[in-house]
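Here is the structure we will look at, set down as structure tokens.
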Number of protein chains: 2
Amino acid sequence: MVRTARFSSDDFLDAAMALVAEGGPTAATMQAIARRVGAPTGSIYHRFDSRSAVLGAAWNAAYASFVAALAPFLLGGHPREAALAILPWCGENERRARFLLLHEPVALFEDSPPPAPLRLALERLEDEFDAAFRACVTACGDGAAREEDLARARFLIFDGPIAILRPYLVQGGALPPFVGRMIAELHAGMPLVAGQGTPAAAAA
Amino acid sequence: MVRTARFSSDDFLDAAMALVAEGGPTAATMQAIARRVGAPTGSIYHRFDSRSAVLGAAWNAAYASFVAALAPFLLGGHPREAALAILPWCGENERRARFLLLHEPVALFEDSPPPAPLRLALERLEDEFDAAFRACVTACGDGAAREEDLARARFLIFDGPIAILRPYLVQGGALPPFVGRMIAELHAGMPLVAGQGTPAAAAA
DNA sequence: CACATATTAGAATGCACTGTCTACTTGGCC
DNA sequence: GGCCAAGTAGACAGTGCATTCTAATATGTG
């Protein structure tokens, strides 16, 4: 090292995430990222091979943070707590949340997929998340994690809560207090494992 | 009329929808739309003012079809039937479903919003859909449609079922049989109006 | 104080896309 | 059969983007 760097990789990743969060995938042009950081466009290429490398790295970072927030609860067999953990994560990572949860990856990567190493890293993250779901389902059920049970778990813990939050993520600002209640009710009313009967009915 | 048209407006709309459904918003370039129809790019501008006019018209058409499929059940006060009506609609409109339900409008229209008449038409459709939701909530509840109840209805009837379907819409092909069951359970377990108690608990 | 080199700097290149413009073609009608 | 407007045809200009290239610059080390 002979010259101190003015711009770090993270500077560019943060800028890219913020731009996507604020204006959608096409707002994150290389020139916009550079402008936001205060660097010339060429400097980005000193850190990243291409635009898809920037977006891919940003995606992986956000995804990793999200998985890290939920995995402990899943591995401990607590689906409800995992679902509710999304709320504080969104509160502490509003930018990441809007980036990760409001945009289909297809819209980000359709034009050119990220380079192979990033793709592999993402696959590993997805496998990790998937394994956590399976662990949660087997811990809560009778041992066999069928296709339907996994779909149910993904809905109860991930897609459902995200669907509840999405309108408020879109409009920005704090989440209304009743979203936590809705997520809790979702878990109270719908069984994690098919055929277990609803928890509510079991309690009655 | 002196010359018969070779290409209709609908030809271009269908092509645009198909391209977005298959490859995301940026796949629907004017050149790609023209190529798919077999027309020169200039011909599209004979029917539409701009690219956003094409995408906006396609969006409105898909949205109108969707609303028309659900509104009767909502106005009749049958939230469960409305949610389940999404399934046959997706089966009969796979292309429209992927176009409408898999892409945030922001990704389609962020670069340039559709012309005013289309924006107004869309607002009218959204108001119509919204009014149907309100009607359903008031029909099922005690008369007052609070903010939270409306959010709950939107989740139970629209966002929740879509979240259940999304993985299968993404991968394409027929929907697995258990998605209907999951939607039904969602309605059985979670009350449409807050504080009514779960239908399951009430039945027990 | 010079050297080596990581890094900045930003102009230049090439490409793909939108929207325009002009010429050509079709086909019902007088 | 010729007329004429709706419509096709596709080249073209303008724009904005990702990426490249060359030159300049800073700074820890010897």
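How things are named: the first chain in the structure tokens is A, the next is B, and so on; residues count from 1 in each chain; ligands count from 1 in the order shown.
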Considering only C-alpha atoms (C1' of nucleotides), return as an mmCIF file with N, CA and C atoms (P, O5', C5', C4', C3', O3' and C1' of nucleotides), in the first residue's frame whatever protein or nucleic-acid residues lie within 10 Å of region 7-15 of chain C, sequence-local ones (same chain, fewer than 6 positions apart) excluded.
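That gives us out-v6.cif:
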data_model
loop_
_atom_site.group_PDB
_atom_site.id
_atom_site.type_symbol
_atom_site.label_atom_id
_atom_site.label_comp_id
_atom_site.auth_asym_id
_atom_site.auth_seq_id
_atom_site.Cartn_x
_atom_site.Cartn_y
_atom_site.Cartn_z
ATOM 1 N N MET A 1 0.839 -1.192 0.000
ATOM 2 C CA MET A 1 0.000 0.000 0.000
ATOM 3 C C MET A 1 0.879 1.249 0.000
ATOM 4 N N VAL A 2 0.699 2.086 -0.970
ATOM 5 C CA VAL A 2 1.506 3.291 -1.002
ATOM 6 C C VAL A 2 0.660 4.545 -1.019
ATOM 7 N N ARG A 3 -0.569 4.390 -1.478
ATOM 8 C CA ARG A 3 -1.423 5.580 -1.447
ATOM 9 C C ARG A 3 -2.690 5.231 -0.658
ATOM 10 N N THR A 4 -3.119 6.099 0.223
ATOM 11 C CA THR A 4 -4.328 5.813 0.996
ATOM 12 C C THR A 4 -5.548 5.978 0.095
ATOM 13 N N ALA A 5 -6.480 5.036 0.244
ATOM 14 C CA ALA A 5 -7.666 5.061 -0.606
ATOM 15 C C ALA A 5 -8.656 6.097 -0.099
ATOM 16 N N ARG A 6 -9.251 6.829 -0.995
ATOM 17 C CA ARG A 6 -10.283 7.785 -0.584
ATOM 18 C C ARG A 6 -11.648 7.113 -0.528
ATOM 19 N N PHE A 7 -11.852 6.118 -1.415
ATOM 20 C CA PHE A 7 -13.167 5.466 -1.499
ATOM 21 C C PHE A 7 -13.027 3.974 -1.243
ATOM 22 N N ALA A 39 -17.031 10.254 -6.308
ATOM 23 C CA ALA A 39 -15.866 9.715 -7.017
ATOM 24 C C ALA A 39 -16.108 9.754 -8.518
ATOM 25 N N PRO A 40 -15.080 9.681 -9.322
ATOM 26 C CA PRO A 40 -15.266 9.539 -10.759
ATOM 27 C C PRO A 40 -15.696 8.111 -11.074
ATOM 28 N N THR A 41 -16.396 7.948 -12.181
ATOM 29 C CA THR A 41 -16.942 6.616 -12.494
ATOM 30 C C THR A 41 -15.850 5.556 -12.570
ATOM 31 N N GLY A 42 -14.713 5.943 -13.110
ATOM 32 C CA GLY A 42 -13.647 4.961 -13.293
ATOM 33 C C GLY A 42 -13.216 4.310 -11.994
ATOM 34 N N SER A 43 -13.328 5.024 -10.886
ATOM 35 C CA SER A 43 -12.849 4.486 -9.614
ATOM 36 C C SER A 43 -13.614 3.237 -9.185
ATOM 37 N N HIS A 46 -12.068 0.098 -10.221
ATOM 38 C CA HIS A 46 -10.876 -0.314 -9.501
ATOM 39 C C HIS A 46 -11.230 -1.337 -8.420
ATOM 40 P P DC D 17 -27.854 7.683 -17.698
ATOM 41 O "O5'" DC D 17 -27.183 6.249 -17.672
ATOM 42 C "C5'" DC D 17 -27.873 5.121 -18.189
ATOM 43 C "C4'" DC D 17 -26.903 4.181 -18.850
ATOM 44 C "C3'" DC D 17 -25.636 3.926 -18.045
ATOM 45 O "O3'" DC D 17 -25.823 2.812 -17.183
ATOM 46 C "C1'" DC D 17 -25.202 4.136 -20.407
ATOM 47 P P DA D 18 -24.695 2.369 -16.178
ATOM 48 O "O5'" DA D 18 -23.743 1.478 -17.113
ATOM 49 C "C5'" DA D 18 -24.231 0.258 -17.625
ATOM 50 C "C4'" DA D 18 -23.139 -0.476 -18.371
ATOM 51 C "C3'" DA D 18 -21.975 -0.934 -17.499
ATOM 52 O "O3'" DA D 18 -21.537 -2.205 -17.964
ATOM 53 C "C1'" DA D 18 -21.197 0.631 -19.130
ATOM 54 P P DT D 19 -20.443 -3.006 -17.139
ATOM 55 O "O5'" DT D 19 -19.108 -2.540 -17.877
ATOM 56 C "C5'" DT D 19 -19.010 -2.713 -19.293
ATOM 57 C "C4'" DT D 19 -17.793 -1.988 -19.829
ATOM 58 C "C3'" DT D 19 -16.495 -2.194 -19.035
ATOM 59 O "O3'" DT D 19 -15.560 -2.857 -19.885
ATOM 60 C "C1'" DT D 19 -16.749 0.057 -19.724
ATOM 61 P P DT D 20 -14.063 -3.157 -19.433
ATOM 62 O "O5'" DT D 20 -13.273 -2.018 -20.230
ATOM 63 C "C5'" DT D 20 -13.569 -1.798 -21.594
ATOM 64 C "C4'" DT D 20 -12.628 -0.741 -22.148
ATOM 65 C "C3'" DT D 20 -11.159 -0.904 -21.732
ATOM 66 O "O3'" DT D 20 -10.354 -0.602 -22.861
ATOM 67 C "C1'" DT D 20 -11.916 1.237 -21.111
ATOM 68 P P DC D 21 -8.810 -1.107 -22.894
ATOM 69 O "O5'" DC D 21 -8.063 0.273 -23.122
ATOM 70 C "C5'" DC D 21 -8.794 1.381 -23.655
ATOM 71 C "C4'" DC D 21 -8.048 2.676 -23.403
ATOM 72 C "C3'" DC D 21 -6.608 2.500 -22.934
ATOM 73 O "O3'" DC D 21 -5.769 3.294 -23.736
ATOM 74 C "C1'" DC D 21 -7.819 3.858 -21.392
ATOM 75 P P DT D 22 -4.174 3.092 -23.626
ATOM 76 O "O5'" DT D 22 -3.739 4.517 -23.065
ATOM 77 C "C5'" DT D 22 -4.369 5.684 -23.580
ATOM 78 C "C4'" DT D 22 -4.084 6.869 -22.685
ATOM 79 C "C3'" DT D 22 -2.657 6.937 -22.136
ATOM 80 O "O3'" DT D 22 -2.216 8.281 -22.198
ATOM 81 C "C1'" DT D 22 -4.193 6.977 -20.348
ATOM 82 P P DA D 23 -0.673 8.665 -21.909
ATOM 83 O "O5'" DA D 23 -0.860 9.762 -20.773
ATOM 84 C "C5'" DA D 23 -1.958 10.663 -20.868
ATOM 85 C "C4'" DA D 23 -2.246 11.241 -19.508
ATOM 86 C "C3'" DA D 23 -0.993 11.646 -18.722
ATOM 87 O "O3'" DA D 23 -1.158 12.976 -18.276
ATOM 88 C "C1'" DA D 23 -2.407 10.289 -17.387
ATOM 89 P P DA D 24 0.040 13.704 -17.515
ATOM 90 O "O5'" DA D 24 -0.523 13.749 -16.032
ATOM 91 C "C5'" DA D 24 -1.777 14.392 -15.813
ATOM 92 C "C4'" DA D 24 -2.240 14.090 -14.405
ATOM 93 C "C3'" DA D 24 -1.283 14.548 -13.305
ATOM 94 O "O3'" DA D 24 -2.040 15.229 -12.324
ATOM 95 C "C1'" DA D 24 -1.836 12.277 -13.006
ATOM 96 P P DT D 25 -1.306 16.092 -11.237
ATOM 97 O "O5'" DT D 25 -1.501 15.226 -9.916
ATOM 98 C "C5'" DT D 25 -2.752 14.584 -9.670
ATOM 99 C "C4'" DT D 25 -2.615 13.704 -8.447
ATOM 100 C "C3'" DT D 25 -1.567 14.146 -7.444
ATOM 101 O "O3'" DT D 25 -2.107 13.973 -6.163
ATOM 102 C "C1'" DT D 25 -1.231 11.912 -7.965
ATOM 103 P P DA D 26 -1.946 15.073 -5.045
ATOM 104 O "O5'" DA D 26 -1.847 14.166 -3.730
ATOM 105 C "C5'" DA D 26 -2.905 13.272 -3.461
ATOM 106 C "C4'" DA D 26 -2.342 11.950 -3.001
ATOM 107 C "C3'" DA D 26 -1.476 12.019 -1.735
ATOM 108 O "O3'" DA D 26 -2.018 11.096 -0.829
ATOM 109 C "C1'" DA D 26 -0.403 10.729 -3.406
#
Helix (DSSP H, G or I) call set, DSSP backbone run, region 49-104 of chain A, as a PyMOL selection string:
chain A and resi 51-75+79-92+94-101
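All residues of protein, DNA or RNA that reach within 10 Å of Asn60 (chain A), judged by only C-alpha atoms (C1' of nucleotides) and not counting those fewer than 2 positions away in the chain, are Leu55, Gly56, Ala57, Ala58, Ala62, Tyr63, Ala64, Ser65, Phe66, Leu100, Leu118, Arg119, Ala121, Leu122, Glu123, Leu125 and Glu126 of chain A.
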Choose the residue, out of A:Ala83, A:Ala116, A:Leu101, A:Ala61, that has the smallest atom-to-atom separation from chain B; count only C-alpha atoms.
A:Leu101
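The list of residues with at least one atom within 12 Å of DT22 (chain C), based on only C-alpha atoms (C1' of nucleotides) and without residues fewer than 5 positions apart in the same chain, reads Gly42 of chain B; DA9, DG10, DA11 and DC12 of chain D.
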Store the residues picked out above in a file with C-alpha atoms (C1' of nucleotides), as a tab-separated table (two decimals), in the first residue's frame.
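In the end it all went to part.tsv:
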chain	number	residue	atom	x	y	z
B	42	GLY	CA	-41.80	2.73	-36.12
D	9	DA	C1'	-41.20	0.29	-43.54
D	10	DG	C1'	-36.88	1.13	-41.82
D	11	DA	C1'	-33.06	4.30	-41.78
D	12	DC	C1'	-31.45	7.89	-38.70
What is the CA of Ala184 (chain B) to CA of Asp130 (chain B) distance in Å?
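Between CA of Ala184 (chain B) and CA of Asp130 (chain B) the gap works out to 22.2 Å.
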Residues of chain D that approach chain B to 9 Å or less, counting only C-alpha atoms (C1' of nucleotides): could you list each one with the shortest pair of atoms and its distance in Å to one decimal, rows by chain and increasing residue number, as JSON lines?
{"residue": "D:DC4", "atom": "C1'", "partner": "B:Val2", "partner_atom": "CA", "distance": 8.4}
{"residue": "D:DA5", "atom": "C1'", "partner": "B:Val2", "partner_atom": "CA", "distance": 6.6}
{"residue": "D:DA6", "atom": "C1'", "partner": "B:Arg3", "partner_atom": "CA", "distance": 5.5}
{"residue": "D:DG7", "atom": "C1'", "partner": "B:Ala5", "partner_atom": "CA", "distance": 6.3}
{"residue": "D:DT8", "atom": "C1'", "partner": "B:Ser43", "partner_atom": "CA", "distance": 6.8}
{"residue": "D:DA9", "atom": "C1'", "partner": "B:Pro40", "partner_atom": "CA", "distance": 6.5}
{"residue": "D:DG10", "atom": "C1'", "partner": "B:Pro40", "partner_atom": "CA", "distance": 6.7}
Selection to disk with C-alpha atoms (C1' of nucleotides), as a PDB file, in the first residue's frame:
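What ended up in result18.pdb:
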ATOM      1  C1'  DC D   4     -55.794   9.425 -51.316  1.00  0.00           C
ATOM      2  C1'  DA D   5     -55.351   8.632 -46.553  1.00  0.00           C
ATOM      3  C1'  DA D   6     -54.276   4.909 -43.211  1.00  0.00           C
ATOM      4  C1'  DG D   7     -50.729   2.352 -42.423  1.00  0.00           C
ATOM      5  C1'  DT D   8     -46.139   0.057 -43.058  1.00  0.00           C
ATOM      6  C1'  DA D   9     -41.199   0.294 -43.538  1.00  0.00           C
ATOM      7  C1'  DG D  10     -36.881   1.126 -41.817  1.00  0.00           C
TER       8       DG D  10
END
What lies within 12 Å of DG14 (chain D) using only C-alpha atoms (C1' of nucleotides), ignoring chain neighbours under 2 positions off, as number ranges by chain?
C: 17-20; D: 12, 16
What is the CA of Ser50 (chain B) to CA of Ala34 (chain B) distance in Å?
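Atom-to-atom, CA of Ser50 (chain B) and CA of Ala34 (chain B) are spaced 13.1 Å apart.
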Determine, counting only C-alpha atoms (C1' of nucleotides), which protein, DNA and RNA residues have an atom within 10 Å of an atom of region 107-112 of chain A; residues of the same chain fewer than 5 positions away are not included. Present the result as a ChimeraX atom specification.
/A:20,24-26,28,50-53,55-56,59 /B:23-27,102-104,107-108
Output for the residues just chosen: C-alpha atoms as a PDB file, in the first residue's frame:
ATOM      1  CA  VAL A  20     -31.977   1.105  -5.661  1.00  0.00           C
ATOM      2  CA  GLY A  24     -35.514   1.230  -8.272  1.00  0.00           C
ATOM      3  CA  PRO A  25     -32.899  -0.869 -10.035  1.00  0.00           C
ATOM      4  CA  THR A  26     -32.373   1.388 -13.027  1.00  0.00           C
ATOM      5  CA  ALA A  28     -28.329   2.666  -9.802  1.00  0.00           C
ATOM      6  CA  SER A  50     -18.742  -4.560 -13.519  1.00  0.00           C
ATOM      7  CA  ARG A  51     -22.061  -3.062 -12.535  1.00  0.00           C
ATOM      8  CA  SER A  52     -23.526  -6.515 -11.906  1.00  0.00           C
ATOM      9  CA  ALA A  53     -20.603  -7.191  -9.548  1.00  0.00           C
ATOM     10  CA  LEU A  55     -25.217  -4.988  -7.395  1.00  0.00           C
ATOM     11  CA  GLY A  56     -24.485  -8.658  -6.705  1.00  0.00           C
ATOM     12  CA  TRP A  59     -27.429  -8.055  -2.662  1.00  0.00           C
TER      13      TRP A  59
ATOM     14  CA  GLY B  23     -37.584 -11.493 -19.001  1.00  0.00           C
ATOM     15  CA  GLY B  24     -38.492  -8.629 -16.696  1.00  0.00           C
ATOM     16  CA  PRO B  25     -39.266  -4.995 -17.419  1.00  0.00           C
ATOM     17  CA  THR B  26     -36.085  -4.146 -19.308  1.00  0.00           C
ATOM     18  CA  ALA B  27     -36.649  -7.006 -21.749  1.00  0.00           C
ATOM     19  CA  LEU B 102     -44.374 -10.576 -10.355  1.00  0.00           C
ATOM     20  CA  HIS B 103     -43.267  -7.032 -11.062  1.00  0.00           C
ATOM     21  CA  GLU B 104     -43.563  -3.956  -8.906  1.00  0.00           C
ATOM     22  CA  ALA B 107     -39.766  -1.147 -11.838  1.00  0.00           C
ATOM     23  CA  LEU B 108     -41.917  -0.652 -14.906  1.00  0.00           C
TER      24      LEU B 108
END
Just want the 10 Å neighbourhood of Arg36 (chain B), counted on only C-alpha atoms (C1' of nucleotides), with same-chain residues fewer than 6 positions away dropped. Output as JSON, numbers by chain.
{"B": [11, 12, 14, 15, 16, 18, 19, 30]}
Proximity check chain C to chain B, 6 Å, nearest pairs one decimal Å, only C-alpha atoms (C1' of nucleotides), as CSV:
residue,atom,partner,partner_atom,distance
C:DT26,C1',B:Arg3,CA,5.2
C:DG27,C1',B:Arg3,CA,5.4
C:DG28,C1',B:Val2,CA,5.5
Could you state the separation of CA of Pro88 (chain B) and CA of Ile162 (chain A) in Å, given to one decimal place?
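These atoms are spaced 24.4 Å apart.
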